[in-house]
>>> print(open('run_29.txt').read())   # compact mmCIF, C-alpha atoms and all ligand atoms
# COMPACT_ATOMS: atom_id res chain seq x y z
CA MET N 1 13.30 -12.20 -18.23
CA SER N 2 16.81 -12.51 -16.83
CA SER N 3 17.61 -11.52 -13.29
CA ALA N 4 19.61 -8.56 -14.59
CA ALA N 5 16.59 -7.16 -16.38
CA ASN N 6 14.58 -7.48 -13.19
CA ALA N 7 17.12 -5.65 -11.11
CA ARG N 8 16.48 -2.00 -10.45
CA VAL N 9 19.16 0.65 -10.42
CA LEU N 10 18.78 3.88 -8.53
CA SER N 11 21.11 6.81 -8.26
CA GLY N 12 20.89 10.47 -7.44
CA MET N 13 22.88 13.65 -7.64
CA ARG N 14 22.59 16.85 -5.72
CA PRO N 15 21.66 19.77 -7.99
CA THR N 16 24.94 21.56 -8.51
CA GLY N 17 23.98 23.29 -11.76
CA ARG N 18 25.96 22.72 -14.94
CA LEU N 19 28.08 19.60 -14.97
CA HIS N 20 31.63 19.15 -16.16
CA LEU N 21 33.84 16.46 -17.69
CA GLY N 22 34.50 15.03 -14.23
CA HIS N 23 30.81 14.25 -13.82
CA TYR N 24 30.69 12.85 -17.33
CA HIS N 25 33.58 10.42 -16.91
CA GLY N 26 32.89 9.70 -13.25
CA VAL N 27 29.15 9.14 -13.32
CA LEU N 28 27.12 9.93 -16.41
CA LYS N 29 28.87 7.62 -18.86
CA ASN N 30 28.19 4.84 -16.41
CA TRP N 31 24.50 5.74 -16.09
CA VAL N 32 24.16 5.78 -19.84
CA GLU N 33 25.53 2.24 -20.02
CA LEU N 34 23.39 0.96 -17.17
CA GLN N 35 20.15 2.24 -18.66
CA HIS N 36 20.34 -0.39 -21.39
CA GLU N 37 20.87 -3.23 -18.96
CA TYR N 38 18.58 -2.44 -16.06
CA GLU N 39 15.46 -0.62 -15.08
CA CYS N 40 16.97 2.71 -14.06
CA PHE N 41 15.78 5.56 -11.89
CA PHE N 42 17.94 8.68 -11.78
CA PHE N 43 16.89 11.56 -9.62
CA VAL N 44 17.81 15.04 -8.50
CA ALA N 45 18.40 15.03 -4.74
CA ASP N 46 17.12 18.54 -4.10
CA TRP N 47 16.29 17.88 -0.46
CA HIS N 48 19.82 16.68 0.04
CA ALA N 49 21.04 20.01 -1.31
CA LEU N 50 19.07 21.69 1.46
CA THR N 51 20.91 19.77 4.16
CA THR N 52 24.00 21.87 3.45
CA HIS N 53 22.62 24.87 1.53
CA TYR N 54 19.50 25.65 3.49
CA GLU N 55 20.34 29.33 3.67
CA ASP N 56 19.96 29.96 -0.02
CA PRO N 57 17.37 27.63 -1.52
CA SER N 58 16.44 30.13 -4.24
CA LEU N 59 19.30 28.84 -6.40
CA ILE N 60 18.00 25.29 -6.46
CA PRO N 61 15.33 25.45 -9.21
CA GLN N 62 17.73 26.75 -11.85
CA ALA N 63 20.42 24.30 -10.77
CA VAL N 64 17.95 21.42 -11.13
CA HIS N 65 16.95 22.48 -14.62
CA GLU N 66 20.54 22.89 -15.81
CA MET N 67 21.61 19.58 -14.36
CA VAL N 68 18.79 17.63 -15.96
CA ILE N 69 19.65 19.17 -19.33
CA ASP N 70 23.22 17.98 -18.86
CA TRP N 71 22.04 14.46 -18.00
CA LEU N 72 19.99 14.35 -21.17
CA ALA N 73 22.83 15.88 -23.16
CA ALA N 74 25.21 13.23 -21.86
CA GLY N 75 22.90 10.56 -23.22
CA VAL N 76 20.58 9.61 -20.38
CA ASP N 77 17.65 8.50 -22.46
CA PRO N 78 14.18 9.20 -21.07
CA ALA N 79 12.90 6.31 -23.15
CA SER N 80 15.03 3.89 -21.11
CA ALA N 81 15.56 5.60 -17.76
CA ARG N 82 13.27 7.51 -15.43
CA ILE N 83 14.42 10.98 -14.48
CA PHE N 84 12.71 12.53 -11.48
CA ILE N 85 13.04 15.01 -8.66
CA GLN N 86 13.16 13.91 -5.05
CA SER N 87 10.87 16.60 -3.65
CA GLN N 88 8.20 15.66 -6.20
CA VAL N 89 7.89 12.28 -4.52
CA PRO N 90 6.96 13.22 -0.95
CA GLU N 91 6.77 9.53 -0.05
CA HIS N 92 10.56 9.71 0.41
CA ALA N 93 9.98 12.08 3.32
CA GLU N 94 7.37 9.90 4.97
CA PHE N 95 9.63 6.89 4.63
CA HIS N 96 12.60 8.82 5.98
CA LEU N 97 10.54 9.71 9.02
CA LEU N 98 9.46 6.11 9.61
CA LEU N 99 13.00 4.83 9.18
CA SER N 100 14.24 7.46 11.62
CA MET N 101 12.18 5.75 14.32
CA ILE N 102 14.24 2.56 14.08
CA THR N 103 17.66 4.01 13.35
CA PRO N 104 20.04 4.24 16.30
CA LEU N 105 21.66 7.64 16.59
CA GLY N 106 25.07 6.03 16.76
CA TRP N 107 24.72 4.58 13.27
CA LEU N 108 24.37 8.08 11.85
CA GLU N 109 27.06 9.67 13.99
CA ARG N 110 29.48 6.97 12.87
CA VAL N 111 29.02 7.54 9.12
CA PRO N 112 32.45 8.90 8.09
CA SER N 113 31.07 11.69 5.89
CA TYR N 114 29.27 13.21 8.88
CA LYS N 115 32.33 14.51 10.73
CA ASP N 116 34.39 14.91 7.52
CA GLN N 117 31.93 17.24 5.87
CA GLN N 118 31.40 19.23 9.05
CA GLU N 119 35.16 19.75 9.16
CA LYS N 120 35.41 20.55 5.48
CA LEU N 121 32.49 22.96 5.29
CA LYS N 122 33.43 24.86 8.42
CA GLU N 123 31.90 28.08 7.13
CA ARG N 124 28.45 26.47 7.32
CA ASP N 125 26.63 25.46 10.45
CA LEU N 126 26.06 21.77 9.88
CA SER N 127 25.13 20.82 13.40
CA THR N 128 21.56 20.38 12.25
CA TYR N 129 19.10 17.53 12.54
CA GLY N 130 18.74 17.44 8.75
CA PHE N 131 22.44 17.09 8.14
CA LEU N 132 22.79 14.21 10.58
CA GLY N 133 19.91 12.54 8.77
CA TYR N 134 21.47 13.01 5.33
CA PRO N 135 22.48 9.35 4.88
CA LEU N 136 19.18 8.08 6.25
CA LEU N 137 17.28 10.19 3.73
CA GLN N 138 19.52 8.57 1.15
CA SER N 139 18.55 5.15 2.54
CA ALA N 140 14.90 6.08 2.13
CA ASP N 141 15.62 7.15 -1.47
CA ILE N 142 17.10 3.75 -2.21
CA LEU N 143 14.83 1.44 -0.24
CA ILE N 144 11.60 3.02 -1.39
CA TYR N 145 12.38 1.72 -4.90
CA LYS N 146 13.71 -1.60 -3.61
CA ALA N 147 16.74 -0.90 -5.76
CA SER N 148 19.24 -3.71 -5.91
CA LEU N 149 22.09 -1.69 -7.38
CA VAL N 150 23.24 1.80 -6.51
CA PRO N 151 25.95 3.21 -8.77
CA VAL N 152 28.00 5.57 -6.63
CA GLY N 153 31.52 6.82 -6.10
CA GLU N 154 33.81 5.63 -3.32
CA ASP N 155 32.65 8.43 -1.01
CA GLN N 156 29.09 7.12 -0.99
CA VAL N 157 29.74 3.46 -0.20
CA ALA N 158 29.32 4.01 3.53
CA HIS N 159 25.85 5.39 2.85
CA VAL N 160 24.85 2.27 0.96
CA GLU N 161 26.27 0.18 3.81
CA LEU N 162 24.10 2.08 6.26
CA THR N 163 21.15 1.47 3.95
CA ARG N 164 21.78 -2.26 4.14
CA GLU N 165 21.82 -2.18 7.91
CA VAL N 166 18.63 -0.18 8.06
CA ALA N 167 16.94 -2.60 5.66
CA ARG N 168 18.03 -5.54 7.78
CA ARG N 169 16.72 -3.91 10.93
CA PHE N 170 13.44 -3.03 9.28
CA ASN N 171 12.97 -6.58 8.03
CA HIS N 172 13.87 -7.98 11.40
CA LEU N 173 11.38 -5.74 13.21
CA PHE N 174 8.49 -5.78 10.78
CA GLY N 175 9.02 -8.86 8.66
CA ARG N 176 7.27 -11.20 11.06
CA GLU N 177 4.00 -12.82 10.18
CA VAL N 178 1.88 -15.57 11.67
CA GLY N 179 2.43 -18.94 10.07
CA PHE N 180 5.45 -17.73 8.15
CA GLU N 181 7.05 -21.11 7.57
CA GLY N 182 3.89 -22.72 6.26
CA ARG N 183 3.28 -19.83 3.94
CA ALA N 184 6.83 -19.98 2.66
CA GLU N 185 6.41 -23.70 1.95
CA GLU N 186 3.21 -22.94 0.08
CA ALA N 187 4.94 -20.22 -1.92
CA MET N 188 7.71 -22.62 -2.81
CA LYS N 189 5.26 -25.02 -4.40
CA LYS N 190 3.90 -22.26 -6.60
CA MET N 191 7.22 -22.09 -8.42
CA GLY N 192 6.66 -25.53 -9.88
CA LYS N 193 8.20 -28.83 -8.87
CA LYS N 194 11.54 -28.35 -10.56
CA ASN N 195 12.18 -24.85 -9.25
CA ALA N 196 10.93 -25.74 -5.80
CA LYS N 197 13.41 -28.57 -5.65
CA LEU N 198 16.24 -26.35 -6.84
CA TYR N 199 15.33 -23.70 -4.29
CA GLU N 200 15.17 -26.20 -1.46
CA GLY N 201 18.57 -27.57 -2.43
CA TYR N 202 20.17 -24.13 -2.46
CA ARG N 203 18.48 -23.23 0.82
CA LYS N 204 19.88 -26.29 2.54
CA ALA N 205 23.36 -25.73 1.09
CA TYR N 206 23.33 -22.17 2.34
CA GLN N 207 21.85 -22.80 5.76
CA GLU N 208 23.73 -26.00 6.54
CA GLN N 209 27.08 -25.27 4.91
CA GLY N 210 27.03 -21.51 4.56
CA ASP N 211 27.42 -21.91 0.80
CA MET N 212 27.35 -18.33 -0.52
CA GLY N 213 27.23 -19.51 -4.12
CA ALA N 214 24.04 -21.37 -3.36
CA LEU N 215 22.60 -18.26 -1.74
CA GLU N 216 23.35 -16.24 -4.87
CA ALA N 217 21.92 -18.94 -7.11
CA ALA N 218 18.72 -19.11 -5.08
CA ARG N 219 18.33 -15.34 -5.22
CA ALA N 220 18.78 -15.37 -8.97
CA LEU N 221 16.21 -18.13 -9.21
CA LEU N 222 13.71 -16.06 -7.24
CA GLU N 223 14.41 -12.92 -9.26
CA GLY N 224 13.57 -14.85 -12.38
CA GLN N 225 10.19 -16.14 -11.15
CA GLN N 226 7.31 -14.62 -13.05
CA ASN N 227 4.43 -16.55 -11.54
CA ILE N 228 4.68 -15.75 -7.86
CA THR N 229 3.31 -12.72 -6.06
CA LEU N 230 5.43 -10.02 -4.52
CA GLY N 231 4.48 -11.25 -1.07
CA ASP N 232 5.51 -14.80 -1.86
CA ARG N 233 8.79 -13.59 -3.28
CA GLU N 234 9.50 -11.75 -0.02
CA ARG N 235 8.65 -14.86 1.97
CA LEU N 236 10.96 -16.96 -0.12
CA PHE N 237 13.80 -14.47 0.15
CA GLY N 238 13.35 -14.45 3.91
CA TYR N 239 12.95 -18.21 4.23
CA LEU N 240 16.13 -18.66 2.27
CA GLU N 241 18.15 -16.85 4.91
CA GLY N 242 16.23 -18.33 7.80
CA GLY N 243 14.51 -15.12 8.89
CA GLY N 244 11.10 -13.63 8.29
CA LEU N 245 9.77 -11.66 5.33
CA ILE N 246 12.25 -9.59 3.40
CA ILE N 247 10.26 -6.47 2.75
CA LEU N 248 13.20 -4.25 1.92
CA PRO N 249 15.90 -6.01 -0.06
CA GLU N 250 19.46 -4.96 0.70
CA PRO N 251 20.99 -2.90 -2.10
CA ARG N 252 24.55 -3.23 -3.29
CA PRO N 253 26.81 -0.35 -4.26
CA LEU N 254 27.98 -0.47 -7.85
CA LEU N 255 31.35 1.19 -7.78
CA THR N 256 32.00 3.30 -10.80
CA LYS N 257 35.17 2.03 -12.43
CA ALA N 258 35.69 5.51 -13.76
CA ALA N 259 38.88 6.83 -15.19
CA LYS N 260 39.95 9.50 -12.75
CA MET N 261 39.23 12.74 -14.54
CA PRO N 262 41.95 15.26 -13.85
CA GLY N 263 41.27 18.97 -13.78
CA LEU N 264 43.21 21.58 -15.72
CA ASP N 265 45.70 21.84 -12.86
CA GLY N 266 46.21 18.11 -12.30
CA GLN N 267 44.04 18.00 -9.17
CA LYS N 268 40.68 16.23 -9.36
CA MET N 269 38.28 18.18 -11.57
CA SER N 270 35.95 20.06 -9.26
CA LYS N 271 33.99 23.29 -9.26
CA SER N 272 35.58 24.37 -6.02
CA TYR N 273 39.08 24.15 -7.54
CA ASN N 274 38.06 26.19 -10.56
CA ASN N 275 39.78 23.72 -12.89
CA CYS N 276 36.83 22.49 -14.92
CA ILE N 277 35.71 22.12 -18.48
CA SER N 278 31.95 22.17 -18.37
CA LEU N 279 29.91 20.07 -20.77
CA ARG N 280 28.49 23.14 -22.41
CA GLU N 281 31.72 25.11 -22.63
CA THR N 282 32.08 26.64 -26.13
CA PRO N 283 34.71 25.05 -28.38
CA ASP N 284 36.73 28.30 -28.31
CA GLU N 285 36.71 28.29 -24.54
CA VAL N 286 37.69 24.60 -24.42
CA GLU N 287 40.58 25.30 -26.76
CA ARG N 288 41.70 28.31 -24.76
CA LYS N 289 41.54 26.51 -21.43
CA LEU N 290 43.54 23.55 -22.66
CA ARG N 291 46.10 25.69 -24.47
CA THR N 292 46.78 27.69 -21.35
CA MET N 293 46.79 24.83 -18.90
CA PRO N 294 50.10 24.33 -17.08
CA THR N 295 52.63 21.69 -18.15
CA ASP N 296 55.77 20.29 -16.56
CA THR N 297 57.35 23.38 -15.00
CA ASN N 298 60.80 22.10 -15.94
CA ARG N 299 60.05 22.73 -19.60
CA VAL N 300 60.74 26.46 -19.54
CA ARG N 301 62.12 26.55 -23.06
CA ARG N 302 61.01 24.44 -25.99
CA THR N 303 64.42 22.73 -25.90
CA ASP N 304 64.13 21.68 -22.24
CA PRO N 305 63.20 18.00 -21.88
CA GLY N 306 60.19 17.24 -19.70
CA ASP N 307 58.61 14.46 -17.69
CA PRO N 308 55.00 13.44 -18.40
CA GLY N 309 54.76 12.24 -14.81
CA ARG N 310 54.92 15.87 -13.70
CA CYS N 311 52.45 17.17 -16.24
CA PRO N 312 48.65 17.51 -16.02
CA VAL N 313 48.38 17.27 -19.81
CA TRP N 314 49.70 13.73 -19.57
CA GLN N 315 46.75 12.81 -17.35
CA PHE N 316 44.44 14.00 -20.10
CA HIS N 317 46.30 11.76 -22.53
CA GLU N 318 45.71 8.90 -20.11
CA VAL N 319 41.98 9.48 -20.47
CA TYR N 320 41.78 10.35 -24.15
CA SER N 321 44.73 8.93 -26.10
CA ASP N 322 45.52 5.52 -27.49
CA VAL N 323 48.80 3.63 -27.08
CA GLN N 324 50.44 5.18 -30.14
CA VAL N 325 49.69 8.75 -29.19
CA LYS N 326 50.83 8.10 -25.65
CA ALA N 327 54.12 6.63 -26.90
CA TRP N 328 54.58 9.71 -29.11
CA VAL N 329 53.98 11.98 -26.11
CA ARG N 330 56.35 10.14 -23.80
CA GLU N 331 59.15 10.00 -26.32
CA GLY N 332 58.62 13.56 -27.53
CA CYS N 333 58.43 15.01 -24.06
CA ILE N 334 61.48 13.29 -22.62
CA THR N 335 63.65 14.17 -25.64
CA ALA N 336 62.18 17.63 -26.18
CA GLY N 337 61.22 16.34 -29.61
CA ILE N 338 57.77 17.94 -29.43
CA GLY N 339 56.52 21.19 -27.95
CA CYS N 340 53.76 21.40 -25.37
CA ILE N 341 51.30 23.08 -27.72
CA GLU N 342 51.87 20.27 -30.19
CA CYS N 343 51.40 17.74 -27.41
CA LYS N 344 48.09 19.28 -26.40
CA ARG N 345 46.63 19.10 -29.90
CA PRO N 346 45.33 15.51 -29.75
CA VAL N 347 43.81 16.19 -26.34
CA ILE N 348 42.06 19.32 -27.54
CA ASP N 349 40.70 17.45 -30.55
CA ALA N 350 39.52 14.51 -28.47
CA VAL N 351 37.73 16.70 -25.92
CA LEU N 352 36.06 18.71 -28.69
CA GLN N 353 34.98 15.53 -30.40
CA GLU N 354 33.58 14.11 -27.21
CA LEU N 355 31.67 17.28 -26.43
CA LYS N 356 30.21 17.78 -29.89
CA PRO N 357 27.26 15.38 -29.70
CA ILE N 358 26.70 16.30 -26.07
CA GLN N 359 26.42 19.96 -26.96
CA GLU N 360 24.16 19.28 -29.90
CA ARG N 361 21.77 17.43 -27.65
CA ALA N 362 22.03 20.13 -24.99
CA ALA N 363 21.07 22.76 -27.56
CA GLU N 364 18.03 20.74 -28.57
CA TYR N 365 16.82 20.44 -25.01
CA GLU N 366 17.63 24.06 -24.18
CA ALA N 367 15.37 25.07 -27.03
CA GLN N 368 12.51 22.97 -25.62
CA PRO N 369 12.11 23.63 -21.91
CA GLU N 370 8.54 22.38 -22.13
CA LEU N 371 9.76 19.00 -23.35
CA VAL N 372 12.24 18.78 -20.49
CA ARG N 373 9.50 19.58 -18.00
CA ASN N 374 7.30 16.89 -19.49
CA LEU N 375 10.05 14.30 -19.32
CA ILE N 376 10.63 15.13 -15.68
CA ASN N 377 6.92 14.99 -14.92
CA GLU N 378 6.60 11.59 -16.52
CA GLY N 379 9.59 10.37 -14.54
CA CYS N 380 8.09 11.72 -11.31
CA GLU N 381 4.83 10.00 -12.10
CA ALA N 382 6.54 6.64 -12.57
CA ALA N 383 8.64 7.14 -9.45
CA ARG N 384 5.59 7.99 -7.37
CA ASP N 385 3.85 4.82 -8.56
CA ALA N 386 6.77 2.69 -7.45
CA ALA N 387 7.21 4.60 -4.19
CA ARG N 388 3.53 4.34 -3.32
CA GLU N 389 3.60 0.60 -3.77
CA THR N 390 6.39 0.26 -1.22
CA MET N 391 4.79 2.72 1.18
CA ALA N 392 1.50 0.84 1.16
CA GLU N 393 3.40 -2.23 2.25
CA VAL N 394 5.48 -0.33 4.79
CA ARG N 395 2.38 1.20 6.38
CA ARG N 396 0.75 -2.20 6.49
CA VAL N 397 3.59 -3.95 8.26
CA MET N 398 4.03 -1.02 10.63
CA SER N 399 0.32 -1.20 11.54
CA LEU N 400 -0.35 2.27 10.18
CA GLU N 401 -3.21 1.27 7.94
CA TYR N 402 -5.88 1.42 10.60
CA LYS N 403 -9.20 3.17 10.38
CA VAL N 404 -10.23 5.58 13.12
N1 LIG N 501 24.49 11.59 -1.54
C1 LIG N 501 24.62 11.44 -2.96
C2 LIG N 501 25.78 12.34 -3.44
O1 LIG N 501 26.11 13.27 -2.78
C3 LIG N 501 23.36 11.83 -3.70
C4 LIG N 501 22.25 10.90 -3.36
C5 LIG N 501 21.15 11.17 -2.62
C6 LIG N 501 22.14 9.53 -3.76
N2 LIG N 501 20.34 10.09 -2.54
C7 LIG N 501 20.92 9.07 -3.23
C8 LIG N 501 22.95 8.69 -4.52
C9 LIG N 501 20.51 7.75 -3.42
C10 LIG N 501 22.55 7.36 -4.70
C11 LIG N 501 21.33 6.91 -4.16
O2 LIG N 501 26.32 12.08 -4.48
FE1 LIG N 502 53.32 17.90 -20.74
FE2 LIG N 502 53.27 17.12 -23.26
FE3 LIG N 502 54.63 19.29 -22.54
FE4 LIG N 502 55.52 16.90 -21.86
S1 LIG N 502 55.30 17.69 -23.93
S2 LIG N 502 55.39 18.70 -20.54
S3 LIG N 502 53.60 15.82 -21.50
S4 LIG N 502 52.44 19.03 -22.42
>>> encode(input="run_29.txt", output="structure tokens")
Amino acid sequence: MSSAANARVLSGMRPTGRLHLGHYHGVLKNWVELQHEYECFFFVADWHALTTHYEDPSLIPQAVHEMVIDWLAAGVDPASARIFIQSQVPEHAEFHLLLSMITPLGWLERVPSYKDQQEKLKERDLSTYGFLGYPLLQSADILIYKASLVPVGEDQVAHVELTREVARRFNHLFGREVGFEGRAEEAMKKMGKKNAKLYEGYRKAYQEQGDMGALEAARALLEGQQNITLGDRERLFGYLEGGGLIILPEPRPLLTKAAKMPGLDGQKMSKSYNNCISLRETPDEVERKLRTMPTDTNRVRRTDPGDPGRCPVWQFHEVYSDVQVKAWVREGCITAGIGCIECKRPVIDAVLQELKPIQERAAEYEAQPELVRNLINEGCEAARDAARETMAEVRRVMSLEYKV
């Protein structure tokens, strides 16, 4: 097995109900690709929704159901990826609590989204304990699966950074064991002579010369080891860096290289701007929305030349059209050679074509709510198994496994 296949991907989304093209291009397409390369866990962060919408939780169940249908419709395949719901894996909450014991308040207060969101959502009272803990709950979500990659947007990178710091602190505090070095040496031998030698070489190069390439190579080597126990792997990861056991590996953010999906008004597509095309919008509605969307305001009459740079339709062409079509648009717009309705045609067709298979799948899942529930239950089951494994270890190293 390659190291990539060993790596686990985890990502979550707050239940916002039906999703739109912005979610599709920004996140879901990426998930769909990742599921073929990695072991993926995708979950609905329903507790996170409560941190800001605690006053009206009754809307959450429906929003969860609709969102999962949209994930499936977009091509998240339950045969390759696990889909689950945060609150169905209560281990996240226990872990969040334990992590809260070792997390300095300042780390949370300094997360940029904390003050930003409080400012932005002024109408809500976000001076709560839960809201401050939002990113730490997210850290628990990630670390409980020992995920190595977390696909997120730019706005979430700080949360993954915090997660890395928390993992480091946890490992530092609880990753000590008696006779660590000897045990690491023993573990090394279990990899076989050749691998042990390689590992030792990389370790020296990293520790003596700070060779980051060697560090990476050694990590990849360890990821690929089939014959050593989990405990030995943690020892070897820790020994590599000169510390103790690495119980919680540090995750990396996987920035979505998404095409920026514009909304119908040229701003970012977002529910709060009311400029969306939802994934389950009827073809008639899609057509109507695109036909009526604004264009360059300088093109009052058909004979007035325009400037694609001032037109939201152009941004759609940037997402959907090839070089030829784009050249046709630019030329036709600047010279008033084409009309705006004409210009919108290829965009309308491309959006309809993109949505067709998505909507067909959505219809199938809508017709089988029982199937959707089963898929979610299976995902929750698998997630709980993984989460329990980590928690058993966490309780052990935190001396919480005692009998009274
Ligand atoms: N905070 C994320 C968002 O708003 C959702 C989320 C919760 C998440 N837990 C996570 C994302 C863990 C990645 C990993 O989009
Ligand atoms: Fe926009 Fe196309 Fe009209 Fe130019 S021709 S203003 S790019 S819709």
>>> closest_residue(input="run_29.txt", among="N:His48, N:Ala187, N:Pro251, N:Lys197", to="Asn227 of chain N", atoms="all atoms listed in the file")
N:Ala187
>>> closest_atom_pairs(input="run_29.txt", of="chain N", to="ligand LIG 502 (chain N)", cutoff="9 Å", atoms="only C-alpha atoms and all ligand atoms", output="JSON lines")
{"residue": "N:Met293", "atom": "CA", "partner": "N:LIG502", "partner_atom": "S4", "distance": 8.8}
{"residue": "N:Pro294", "atom": "CA", "partner": "N:LIG502", "partner_atom": "S4", "distance": 7.9}
{"residue": "N:Thr295", "atom": "CA", "partner": "N:LIG502", "partner_atom": "FE1", "distance": 4.6}
{"residue": "N:Asp296", "atom": "CA", "partner": "N:LIG502", "partner_atom": "S2", "distance": 4.3}
{"residue": "N:Thr297", "atom": "CA", "partner": "N:LIG502", "partner_atom": "S2", "distance": 7.5}
{"residue": "N:Asn298", "atom": "CA", "partner": "N:LIG502", "partner_atom": "S2", "distance": 7.9}
{"residue": "N:Arg299", "atom": "CA", "partner": "N:LIG502", "partner_atom": "S2", "distance": 6.2}
{"residue": "N:Arg302", "atom": "CA", "partner": "N:LIG502", "partner_atom": "FE3", "distance": 8.9}
{"residue": "N:Pro305", "atom": "CA", "partner": "N:LIG502", "partner_atom": "FE4", "distance": 7.8}
{"residue": "N:Gly306", "atom": "CA", "partner": "N:LIG502", "partner_atom": "S2", "distance": 5.1}
{"residue": "N:Asp307", "atom": "CA", "partner": "N:LIG502", "partner_atom": "FE4", "distance": 5.7}
{"residue": "N:Pro308", "atom": "CA", "partner": "N:LIG502", "partner_atom": "S3", "distance": 4.2}
{"residue": "N:Gly309", "atom": "CA", "partner": "N:LIG502", "partner_atom": "S3", "distance": 7.7}
{"residue": "N:Arg310", "atom": "CA", "partner": "N:LIG502", "partner_atom": "S2", "distance": 7.4}
{"residue": "N:Cys311", "atom": "CA", "partner": "N:LIG502", "partner_atom": "FE1", "distance": 4.6}
{"residue": "N:Pro312", "atom": "CA", "partner": "N:LIG502", "partner_atom": "FE1", "distance": 6.7}
{"residue": "N:Val313", "atom": "CA", "partner": "N:LIG502", "partner_atom": "FE1", "distance": 5.1}
{"residue": "N:Trp314", "atom": "CA", "partner": "N:LIG502", "partner_atom": "S3", "distance": 4.8}
{"residue": "N:Gln315", "atom": "CA", "partner": "N:LIG502", "partner_atom": "S3", "distance": 8.6}
{"residue": "N:His317", "atom": "CA", "partner": "N:LIG502", "partner_atom": "S3", "distance": 8.4}
{"residue": "N:Val329", "atom": "CA", "partner": "N:LIG502", "partner_atom": "FE2", "distance": 5.9}
{"residue": "N:Arg330", "atom": "CA", "partner": "N:LIG502", "partner_atom": "S3", "distance": 6.7}
{"residue": "N:Glu331", "atom": "CA", "partner": "N:LIG502", "partner_atom": "S1", "distance": 8.9}
{"residue": "N:Gly332", "atom": "CA", "partner": "N:LIG502", "partner_atom": "S1", "distance": 6.4}
{"residue": "N:Cys333", "atom": "CA", "partner": "N:LIG502", "partner_atom": "FE4", "distance": 4.1}
{"residue": "N:Ile334", "atom": "CA", "partner": "N:LIG502", "partner_atom": "FE4", "distance": 7.0}
{"residue": "N:Ala336", "atom": "CA", "partner": "N:LIG502", "partner_atom": "S1", "distance": 7.2}
{"residue": "N:Gly337", "atom": "CA", "partner": "N:LIG502", "partner_atom": "S1", "distance": 8.3}
{"residue": "N:Ile338", "atom": "CA", "partner": "N:LIG502", "partner_atom": "S1", "distance": 6.0}
{"residue": "N:Gly339", "atom": "CA", "partner": "N:LIG502", "partner_atom": "S1", "distance": 5.5}
{"residue": "N:Cys340", "atom": "CA", "partner": "N:LIG502", "partner_atom": "FE3", "distance": 3.6}
{"residue": "N:Ile341", "atom": "CA", "partner": "N:LIG502", "partner_atom": "S4", "distance": 6.8}
{"residue": "N:Glu342", "atom": "CA", "partner": "N:LIG502", "partner_atom": "S1", "distance": 7.6}
{"residue": "N:Cys343", "atom": "CA", "partner": "N:LIG502", "partner_atom": "FE2", "distance": 4.6}
{"residue": "N:Lys344", "atom": "CA", "partner": "N:LIG502", "partner_atom": "S4", "distance": 5.9}
>>> write_last_selection(input="run_29.txt", atoms="C-alpha atoms", output="short mmCIF file (atom, residue, chain, number, x, y, z; two decimals), in the coordinates of the input")
data_model
loop_
_atom_site.label_atom_id
_atom_site.label_comp_id
_atom_site.auth_asym_id
_atom_site.auth_seq_id
_atom_site.Cartn_x
_atom_site.Cartn_y
_atom_site.Cartn_z
CA MET N 293 46.79 24.83 -18.90
CA PRO N 294 50.10 24.33 -17.08
CA THR N 295 52.63 21.69 -18.15
CA ASP N 296 55.77 20.29 -16.56
CA THR N 297 57.35 23.38 -15.00
CA ASN N 298 60.80 22.10 -15.94
CA ARG N 299 60.05 22.73 -19.60
CA ARG N 302 61.01 24.44 -25.99
CA PRO N 305 63.20 18.00 -21.88
CA GLY N 306 60.19 17.24 -19.70
CA ASP N 307 58.61 14.46 -17.69
CA PRO N 308 55.00 13.44 -18.40
CA GLY N 309 54.76 12.24 -14.81
CA ARG N 310 54.92 15.87 -13.70
CA CYS N 311 52.45 17.17 -16.24
CA PRO N 312 48.65 17.51 -16.02
CA VAL N 313 48.38 17.27 -19.81
CA TRP N 314 49.70 13.73 -19.57
CA GLN N 315 46.75 12.81 -17.35
CA HIS N 317 46.30 11.76 -22.53
CA VAL N 329 53.98 11.98 -26.11
CA ARG N 330 56.35 10.14 -23.80
CA GLU N 331 59.15 10.00 -26.32
CA GLY N 332 58.62 13.56 -27.53
CA CYS N 333 58.43 15.01 -24.06
CA ILE N 334 61.48 13.29 -22.62
CA ALA N 336 62.18 17.63 -26.18
CA GLY N 337 61.22 16.34 -29.61
CA ILE N 338 57.77 17.94 -29.43
CA GLY N 339 56.52 21.19 -27.95
CA CYS N 340 53.76 21.40 -25.37
CA ILE N 341 51.30 23.08 -27.72
CA GLU N 342 51.87 20.27 -30.19
CA CYS N 343 51.40 17.74 -27.41
CA LYS N 344 48.09 19.28 -26.40
#
>>> residues_near_point(input="run_29.txt", point="(25.0, 7.8, -12.6)", cutoff="9 Å", atoms="all atoms listed in the file", output="number ranges by chain")
N: 10-13, 23-24, 26-32, 34, 42, 150-152, 256
>>> write_last_selection(input="run_29.txt", atoms="C-alpha atoms", output="short mmCIF file (atom, residue, chain, number, x, y, z; two decimals), in the frame of the given file")
data_model
loop_
_atom_site.label_atom_id
_atom_site.label_comp_id
_atom_site.auth_asym_id
_atom_site.auth_seq_id
_atom_site.Cartn_x
_atom_site.Cartn_y
_atom_site.Cartn_z
CA LEU N 10 18.78 3.88 -8.53
CA SER N 11 21.11 6.81 -8.26
CA GLY N 12 20.89 10.47 -7.44
CA MET N 13 22.88 13.65 -7.64
CA HIS N 23 30.81 14.25 -13.82
CA TYR N 24 30.69 12.85 -17.33
CA GLY N 26 32.89 9.70 -13.25
CA VAL N 27 29.15 9.14 -13.32
CA LEU N 28 27.12 9.93 -16.41
CA LYS N 29 28.87 7.62 -18.86
CA ASN N 30 28.19 4.84 -16.41
CA TRP N 31 24.50 5.74 -16.09
CA VAL N 32 24.16 5.78 -19.84
CA LEU N 34 23.39 0.96 -17.17
CA PHE N 42 17.94 8.68 -11.78
CA VAL N 150 23.24 1.80 -6.51
CA PRO N 151 25.95 3.21 -8.77
CA VAL N 152 28.00 5.57 -6.63
CA THR N 256 32.00 3.30 -10.80
#
